[in-house]
Amino acid sequence: MTTTKRFPTRLNMKNDRVNMTHGSGGRAMAQLIDELFLTYFDNELLRQGNDQASFAVSAGRMVMSTDGHVVSPLFFPGGDIGSLSVHGTINDVAMSGAKPLYLSASFILEEGYPLADLKRIVISMAAAAKDAGVPIVTGDTKVVEAGKGDGVFITTTGVGVVPEGVSLSGVQVEPGDVVLLSGPIGDHGVAIMSSRENLEFETTIVSDSAPLHDLVAEMVKAVPAIKCMRDPTRGGVASTLNELAQQAGVGFALEEEAIPVRNEVRAACELLGLDPLYVANEGKLVAVCRAQDAEHLLAAMRAHPKGAQAAIIGKAVADDLSFVTMETVFGGNRIVDWLAGEQLPRIC
Amino acid sequence: MKYIAEFRSKEGARHLAQEIKKAAETGRTYNIMEFCGGHTHAIFRYGVQDLVPDNVKFIHGPGCPVCVLPVPRIDNAIQLAKDHDAILCTYADMMRVPASKKQSLIKAKAEGADIRMVYSTQDALRIARDNPARQVVFFAIGFETTTPPTAVALKQAKAEALENFSVFCNHVLTPSAMRHILQQPQDGDGDPVIIDGFLGPSHVSSIIGSKPYEVFAREFGKPVVIAGFEPLDVMQSTLMMIRQINEGRCQVENEYTRVVTPEGNQKAQRLVHEVLELRDSFEWRGLGWVPESALQIRPEFAAFDAEKRFKLIRSTGRDVKGCACPEILRGSKRPTDCKLFGTVCTPDNPQGSCMVSSEGSCAAYWSYGRFRMERDQLANPSQKQQPEGTI
């Protein structure tokens, strides 16, 4: 006896588009999940076919983080919403010092979106998860009417475990601590901007979108007493340090000269009237540690490809007003304030 | 970065700081108005005030195009989008400037008005071509620097017979505003501002040249130094200004020779003249009605003039009560003199235009300079302190 095929004809990935039935819970949705998501995200936990992923947990502290992705455009130099949604959440988990274990992915698709483009996104997402060694083990798909979404929105959630002896939190930051940055800033924001419909300009800049958990693993191995890590995404390094200053009740004093920025990014920012300190990153981290650990941590970062251009950019100082100030390249001083308004909407 | 880093060098700054210190005579004050928001921004962004003595004071002028547009004109722009259902194309800086009735372009957009941020007039023309069934209005603002692109757009629209495109023209003129400020102590409203000289605009001067400023040296006895927007330009120009004041000279000097010539960009001037003409009078935020201080679209291009195409109702909207933007724009008050500064008015919740644009002096004070003031206040709670070297 031959088994009846679940779906008599395969989805036409080349020419078909997302329609309302793909989110209806019926056969069409099952087929989309089967032929697209399961095919590319394939892993043991997903293959079990349950509504949830079930896995054993080790002893110790777990961390969990979630991140919605609404980037526009969906494809940009150096990445797309798929890889970004994997990297973004891995990094949020990793900033606790944790090793990320699993991801979930929730898709909101807009009616009419080409399946061929969705397939590109899913393939990129699968590759990003595989490269990072963090599988996507559960997910969800919804479809909204044409005009109610913008192609594809992806929310990912991640869980991870923190190695014993590692305890990162912004509240531990004290005056005298040192601030390190893992590499040149502003690449992601400028790459997105260069591909925006009304602002296309030619540039060689690509997004720095990358998972940082491997770099983090080396850092916590070298300096387990590292106090805090953050990934400076929306709002850039400036906003990250302001958040941290408020949380820890300290100020920060930065040196503009020490902050790495690629020449191309600097030039694009000059042209567009942006300050690289406020431009988003997707593959950089800011770390704070005790002064006596700083050189050792810097060496560990520089030994890793994702931290090759790491630098010490300033220090925490006693300041009841929690100002982030900076000695400018010019020799004067200024505040590096919170981002006001919106420098660039839908960056991630 | 070539042609940028050279003008931000620390060594250059140190050298000039020493020269300024040597030149500035103790026992007198140098009140220098930097006309442009671009200079205000550079002074705060790079901490130039840390590098000049306390008796060299920068007075921030009205040269921030977003700041000087009065409430009624923004109300009109909102009317175009809301009541006339036009696609309103605007430079992004305008989006958050407060209009009357707690409105702004960004709020009107959230309420459904079709307001789009553009980077150039060419984007607006493209939107008009792509939406032939809609009226598309370009919200033209700015000093002489942004005027030529508006003129180009009007010529293109006429050549293409792009009938759904029009321009809401709000272009203003620098020399008229300078004259108005200088005449103010004689006929002003009791808050005269002492100005010993002007740092003249850089980009504006690249279009109009250095000649239009000669009248200020000749008739008003005020030295003018045309200054580039980089921090070393500002310091070099400040030094040139101090020397003029010390020697009792009143001349137009040009520090920004790499861009500005005496005659300016004559091709751009001809283009503007062909398409635009002087308005009898125009209302400025802070300065009030200033004669012959703005441009309007010539009758030959009237078909593309939004003020002629649409029936715009003159709004009576005023600035928010208590907002000192008018006095700040005239240079007679400091941002920190305003009761709203840092209390209800911050860049996240601007009440006045000077807090919106990065070129506005309130935004510059708040975003780059307020730590000096707040730290001083923490140290001396009884006194209200100002950042040093600025007014």
# chains A, B, ... in the order shown; residues from 1 in each chain; ligands from 1
>>> residues_around(residues="Leu38 (chain A)", least_positions_apart="2", cutoff="12 Å", atoms="only C-alpha atoms", output="list in words")
Ala30, Gln31, Leu32, Ile33, Asp34, Glu35, Leu36, Tyr40, Phe41, Asp42, Asn43, Glu44, Leu45, Leu46, Arg47, Gln48, Gly49, Ala105, Lys119, Val122, Ile123, Ala126, Pro135, Ile136, Val137, Thr138, Gly139 and Asp140 of chain A
>>> select_by_dssp(residues="region 99-214 of chain B", states="helix (DSSP H, G or I)", output="number ranges by chain")
B: 105-110, 121-130, 147-160, 174-187, 203-208, 211-214
>>> select_by_dssp(residues="region 15-244 of chain A", states="strand (DSSP E or B)", output="MDAnalysis selection string")
chainID A and resid 17 61:69 75:76 79:80 99:110 114 136:144 152:162 178:181 228:230
>>> write_last_selection(atoms="N, CA and C atoms", output="compact mmCIF listing (two decimals), in the first residue's frame")
# COMPACT_ATOMS: atom_id res chain seq x y z
N ARG A 17 2.68 33.50 -3.52
CA ARG A 17 2.81 34.52 -2.47
C ARG A 17 2.09 34.05 -1.22
N ARG A 61 22.22 28.82 36.59
CA ARG A 61 21.33 29.93 36.24
C ARG A 61 21.02 29.93 34.76
N MET A 62 19.75 30.08 34.42
CA MET A 62 19.37 30.20 33.01
C MET A 62 19.04 31.66 32.73
N VAL A 63 19.21 32.05 31.49
CA VAL A 63 18.75 33.39 31.10
C VAL A 63 17.83 33.25 29.91
N MET A 64 16.97 34.23 29.72
CA MET A 64 16.00 34.19 28.64
C MET A 64 15.84 35.62 28.13
N SER A 65 15.73 35.76 26.84
CA SER A 65 15.58 37.10 26.28
C SER A 65 14.76 37.03 25.00
N THR A 66 14.05 38.09 24.68
CA THR A 66 13.24 38.10 23.46
C THR A 66 13.44 39.41 22.71
N ASP A 67 13.26 39.36 21.40
CA ASP A 67 13.54 40.52 20.58
C ASP A 67 12.68 40.48 19.31
N GLY A 68 11.92 41.53 19.05
CA GLY A 68 11.13 41.63 17.82
C GLY A 68 11.92 42.34 16.74
N HIS A 69 11.82 41.86 15.52
CA HIS A 69 12.59 42.47 14.42
C HIS A 69 11.67 43.00 13.34
N PHE A 75 16.18 43.15 3.35
CA PHE A 75 17.52 42.73 2.92
C PHE A 75 18.41 43.95 2.86
N PHE A 76 19.59 43.86 3.45
CA PHE A 76 20.50 45.01 3.48
C PHE A 76 21.93 44.50 3.33
N GLY A 79 23.47 41.41 5.47
CA GLY A 79 22.50 40.58 6.19
C GLY A 79 21.08 40.78 5.74
N ASP A 80 20.15 40.25 6.51
CA ASP A 80 18.73 40.39 6.25
C ASP A 80 18.00 40.16 7.56
N LYS A 99 25.93 31.02 27.79
CA LYS A 99 26.06 30.29 26.53
C LYS A 99 24.64 30.08 26.01
N PRO A 100 24.29 30.66 24.85
CA PRO A 100 22.93 30.49 24.32
C PRO A 100 22.71 29.04 23.88
N LEU A 101 21.52 28.48 24.18
CA LEU A 101 21.24 27.08 23.84
C LEU A 101 20.22 26.94 22.73
N TYR A 102 19.06 27.57 22.88
CA TYR A 102 17.97 27.37 21.93
C TYR A 102 17.28 28.69 21.61
N LEU A 103 16.67 28.68 20.41
CA LEU A 103 15.88 29.85 19.99
C LEU A 103 14.47 29.42 19.61
N SER A 104 13.52 30.34 19.77
CA SER A 104 12.22 30.16 19.14
C SER A 104 12.05 31.28 18.12
N ALA A 105 11.17 31.08 17.15
CA ALA A 105 10.97 32.10 16.12
C ALA A 105 9.49 32.25 15.83
N SER A 106 9.00 33.47 15.88
CA SER A 106 7.60 33.73 15.58
C SER A 106 7.53 34.68 14.39
N PHE A 107 6.81 34.26 13.36
CA PHE A 107 6.75 35.05 12.12
C PHE A 107 5.38 35.72 11.98
N ILE A 108 5.37 37.00 11.65
CA ILE A 108 4.14 37.65 11.22
C ILE A 108 4.35 38.02 9.75
N LEU A 109 3.59 37.36 8.90
CA LEU A 109 3.77 37.54 7.45
C LEU A 109 2.62 38.38 6.91
N GLU A 110 2.94 39.17 5.88
CA GLU A 110 1.90 40.00 5.26
C GLU A 110 1.39 39.29 4.00
N PRO A 114 6.10 37.64 -1.39
CA PRO A 114 6.55 36.52 -2.24
C PRO A 114 7.19 35.39 -1.43
N ILE A 136 16.94 26.60 16.19
CA ILE A 136 15.59 27.14 16.37
C ILE A 136 14.68 25.94 16.62
N VAL A 137 14.13 25.83 17.82
CA VAL A 137 13.48 24.58 18.21
C VAL A 137 11.96 24.66 18.30
N THR A 138 11.40 25.84 18.18
CA THR A 138 9.94 25.96 18.15
C THR A 138 9.59 27.28 17.47
N GLY A 139 8.34 27.36 16.99
CA GLY A 139 8.01 28.58 16.27
C GLY A 139 6.52 28.76 16.07
N ASP A 140 6.17 29.84 15.37
CA ASP A 140 4.77 30.15 15.14
C ASP A 140 4.69 31.00 13.87
N THR A 141 3.56 30.86 13.17
CA THR A 141 3.35 31.65 11.96
C THR A 141 1.96 32.28 11.99
N LYS A 142 1.91 33.57 11.70
CA LYS A 142 0.61 34.26 11.56
C LYS A 142 0.67 35.07 10.27
N VAL A 143 -0.51 35.26 9.68
CA VAL A 143 -0.57 36.09 8.47
C VAL A 143 -1.54 37.23 8.72
N VAL A 144 -1.15 38.46 8.32
CA VAL A 144 -2.06 39.61 8.42
C VAL A 144 -2.38 40.09 7.00
N VAL A 152 7.55 41.03 6.38
CA VAL A 152 7.83 40.02 7.40
C VAL A 152 8.29 40.69 8.69
N PHE A 153 7.70 40.31 9.81
CA PHE A 153 8.24 40.66 11.13
C PHE A 153 8.63 39.35 11.81
N ILE A 154 9.75 39.34 12.49
CA ILE A 154 10.18 38.11 13.17
C ILE A 154 10.53 38.41 14.63
N THR A 155 9.92 37.66 15.52
CA THR A 155 10.30 37.75 16.93
C THR A 155 11.01 36.47 17.33
N THR A 156 12.17 36.60 17.91
CA THR A 156 12.89 35.42 18.39
C THR A 156 13.08 35.52 19.89
N THR A 157 13.07 34.35 20.52
CA THR A 157 13.33 34.28 21.96
C THR A 157 14.46 33.27 22.14
N GLY A 158 15.33 33.55 23.09
CA GLY A 158 16.45 32.63 23.32
C GLY A 158 16.59 32.28 24.78
N VAL A 159 17.11 31.08 25.03
CA VAL A 159 17.47 30.71 26.39
C VAL A 159 18.92 30.26 26.41
N GLY A 160 19.55 30.44 27.56
CA GLY A 160 20.95 30.04 27.69
C GLY A 160 21.30 29.78 29.14
N VAL A 161 22.49 29.24 29.37
CA VAL A 161 22.94 29.00 30.75
C VAL A 161 24.21 29.80 31.03
N VAL A 162 24.28 30.28 32.26
CA VAL A 162 25.43 31.10 32.66
C VAL A 162 26.47 30.19 33.33
N VAL A 178 36.79 50.27 34.07
CA VAL A 178 37.21 50.63 32.72
C VAL A 178 36.17 50.15 31.70
N VAL A 179 35.94 50.98 30.66
CA VAL A 179 34.97 50.66 29.61
C VAL A 179 35.71 50.20 28.36
N LEU A 180 35.34 49.03 27.86
CA LEU A 180 35.96 48.51 26.63
C LEU A 180 34.89 48.37 25.54
N LEU A 181 35.33 48.54 24.30
CA LEU A 181 34.43 48.42 23.15
C LEU A 181 35.06 47.40 22.20
N CYS A 228 30.03 43.75 33.58
CA CYS A 228 28.81 44.02 32.81
C CYS A 228 29.13 44.04 31.32
N MET A 229 28.18 43.57 30.52
CA MET A 229 28.32 43.68 29.06
C MET A 229 26.98 44.12 28.48
N ARG A 230 27.05 44.89 27.41
CA ARG A 230 25.84 45.33 26.71
C ARG A 230 26.13 45.33 25.21
>>> interface_residues(of="chain A", to="chain B", cutoff="10 Å", atoms="only C-alpha atoms", output="VMD selection string")
chain A and resid 198 to 199 262 to 264 266 to 267 270 272 to 273 319 to 343
>>> residues_around(residues="region 35-42 of chain B", least_positions_apart="2", cutoff="7 Å", atoms="only C-alpha atoms", output="list of chain:residue names")
B:Met33, B:Phe44, B:Arg45, B:Tyr46, B:His60, B:Gly61, B:Pro62, B:Gly63, B:Cys64, B:Phe198, B:Leu199, B:Gly200, B:Pro201, B:Phe229, B:Glu230, B:Pro231, B:Ser358, B:Glu359, B:Gly360, B:Ser361, B:Ala364
>>> residues_around(residues="Ala133 (chain B)", least_positions_apart="2", cutoff="8 Å", atoms="only C-alpha atoms", output="list in words")
Asn131, Gln135 and Asn164 of chain B
>>> atom_distance(atom1="CA of Ala108 (chain B)", atom2="CA of Met95 (chain B)")
9.4 Å
>>> closest_residue(among="B:Ile106, B:Val290, B:Lys158, B:Phe58", to="Val234 (chain B)", atoms="only C-alpha atoms")
B:Phe58
>>> residues_around(residues="Gly183 (chain A)", least_positions_apart="6", cutoff="10 Å", atoms="only C-alpha atoms", output="list in words")
Asp208, Ile259, Pro260, Val261, Arg262, Gly283, Lys284, Leu285, Val286, Met301, Arg302, Lys306, Gly307, Ala308, Gln309, Ala310 and Ala311 of chain A
>>> write_last_selection(atoms="C-alpha atoms", output="compact mmCIF listing (two decimals), in the first residue's frame")
# COMPACT_ATOMS: atom_id res chain seq x y z
CA ASP A 208 28.30 44.11 11.39
CA ILE A 259 36.56 55.16 19.97
CA PRO A 260 37.08 53.15 16.79
CA VAL A 261 35.02 54.24 13.76
CA ARG A 262 35.73 53.14 10.18
CA GLY A 283 27.86 42.82 16.24
CA LYS A 284 29.60 44.92 18.89
CA LEU A 285 29.65 44.90 22.66
CA VAL A 286 30.57 47.26 25.44
CA MET A 301 39.14 40.36 23.11
CA ARG A 302 41.81 41.23 20.59
CA LYS A 306 35.28 39.62 16.51
CA GLY A 307 37.28 41.71 18.95
CA ALA A 308 40.42 42.30 16.85
CA GLN A 309 39.90 46.07 16.96
CA ALA A 310 38.77 46.24 20.58
CA ALA A 311 39.75 49.34 22.53
>>> closest_residue(among="B:Leu80, B:Ile32, B:Ile207, B:Ala379", to="Lys57 (chain B)", atoms="only C-alpha atoms")
B:Ile32
>>> residues_around(residues="Ala268 (chain B)", least_positions_apart="3", cutoff="8 Å", atoms="only C-alpha atoms", output="list in words")
Pro148, Ile207, Asn265, Leu271 and Val272 of chain B
>>> residues_around(residues="Ala153 (chain B)", least_positions_apart="5", cutoff="8 Å", atoms="only C-alpha atoms", output="compact mmCIF listing (two decimals) with N, CA, C and O atoms, in the first residue's frame")
# COMPACT_ATOMS: atom_id res chain seq x y z
N THR B 121 14.91 68.16 -2.73
CA THR B 121 13.75 68.53 -3.54
C THR B 121 13.51 67.48 -4.63
O THR B 121 12.38 67.31 -5.07
N GLN B 122 14.57 66.81 -5.02
CA GLN B 122 14.41 65.79 -6.06
C GLN B 122 13.51 64.64 -5.58
O GLN B 122 12.76 64.07 -6.36
N LEU B 125 9.98 65.79 -6.01
CA LEU B 125 9.56 65.72 -7.41
C LEU B 125 9.23 64.27 -7.79
O LEU B 125 8.24 64.01 -8.49
>>> atom_distance(atom1="CA of Pro224 (chain A)", atom2="CA of Ala294 (chain A)")
12.1 Å
>>> atom_distance(atom1="CA of Ala294 (chain B)", atom2="CA of Asn170 (chain B)")
7.1 Å
>>> closest_residue(among="B:Lys102, B:Arg243, B:Arg334, B:Arg179", to="Glu214 (chain B)", atoms="only C-alpha atoms")
B:Arg179
>>> closest_residue(among="A:Val171, A:Met219, A:Ile81, A:Leu241", to="Leu118 (chain A)", atoms="only C-alpha atoms")
A:Ile81
>>> closest_residue(among="B:Cys345, B:Leu69, B:Thr316, B:Ile208", to="Phe282 (chain B)", atoms="only C-alpha atoms")
B:Leu69
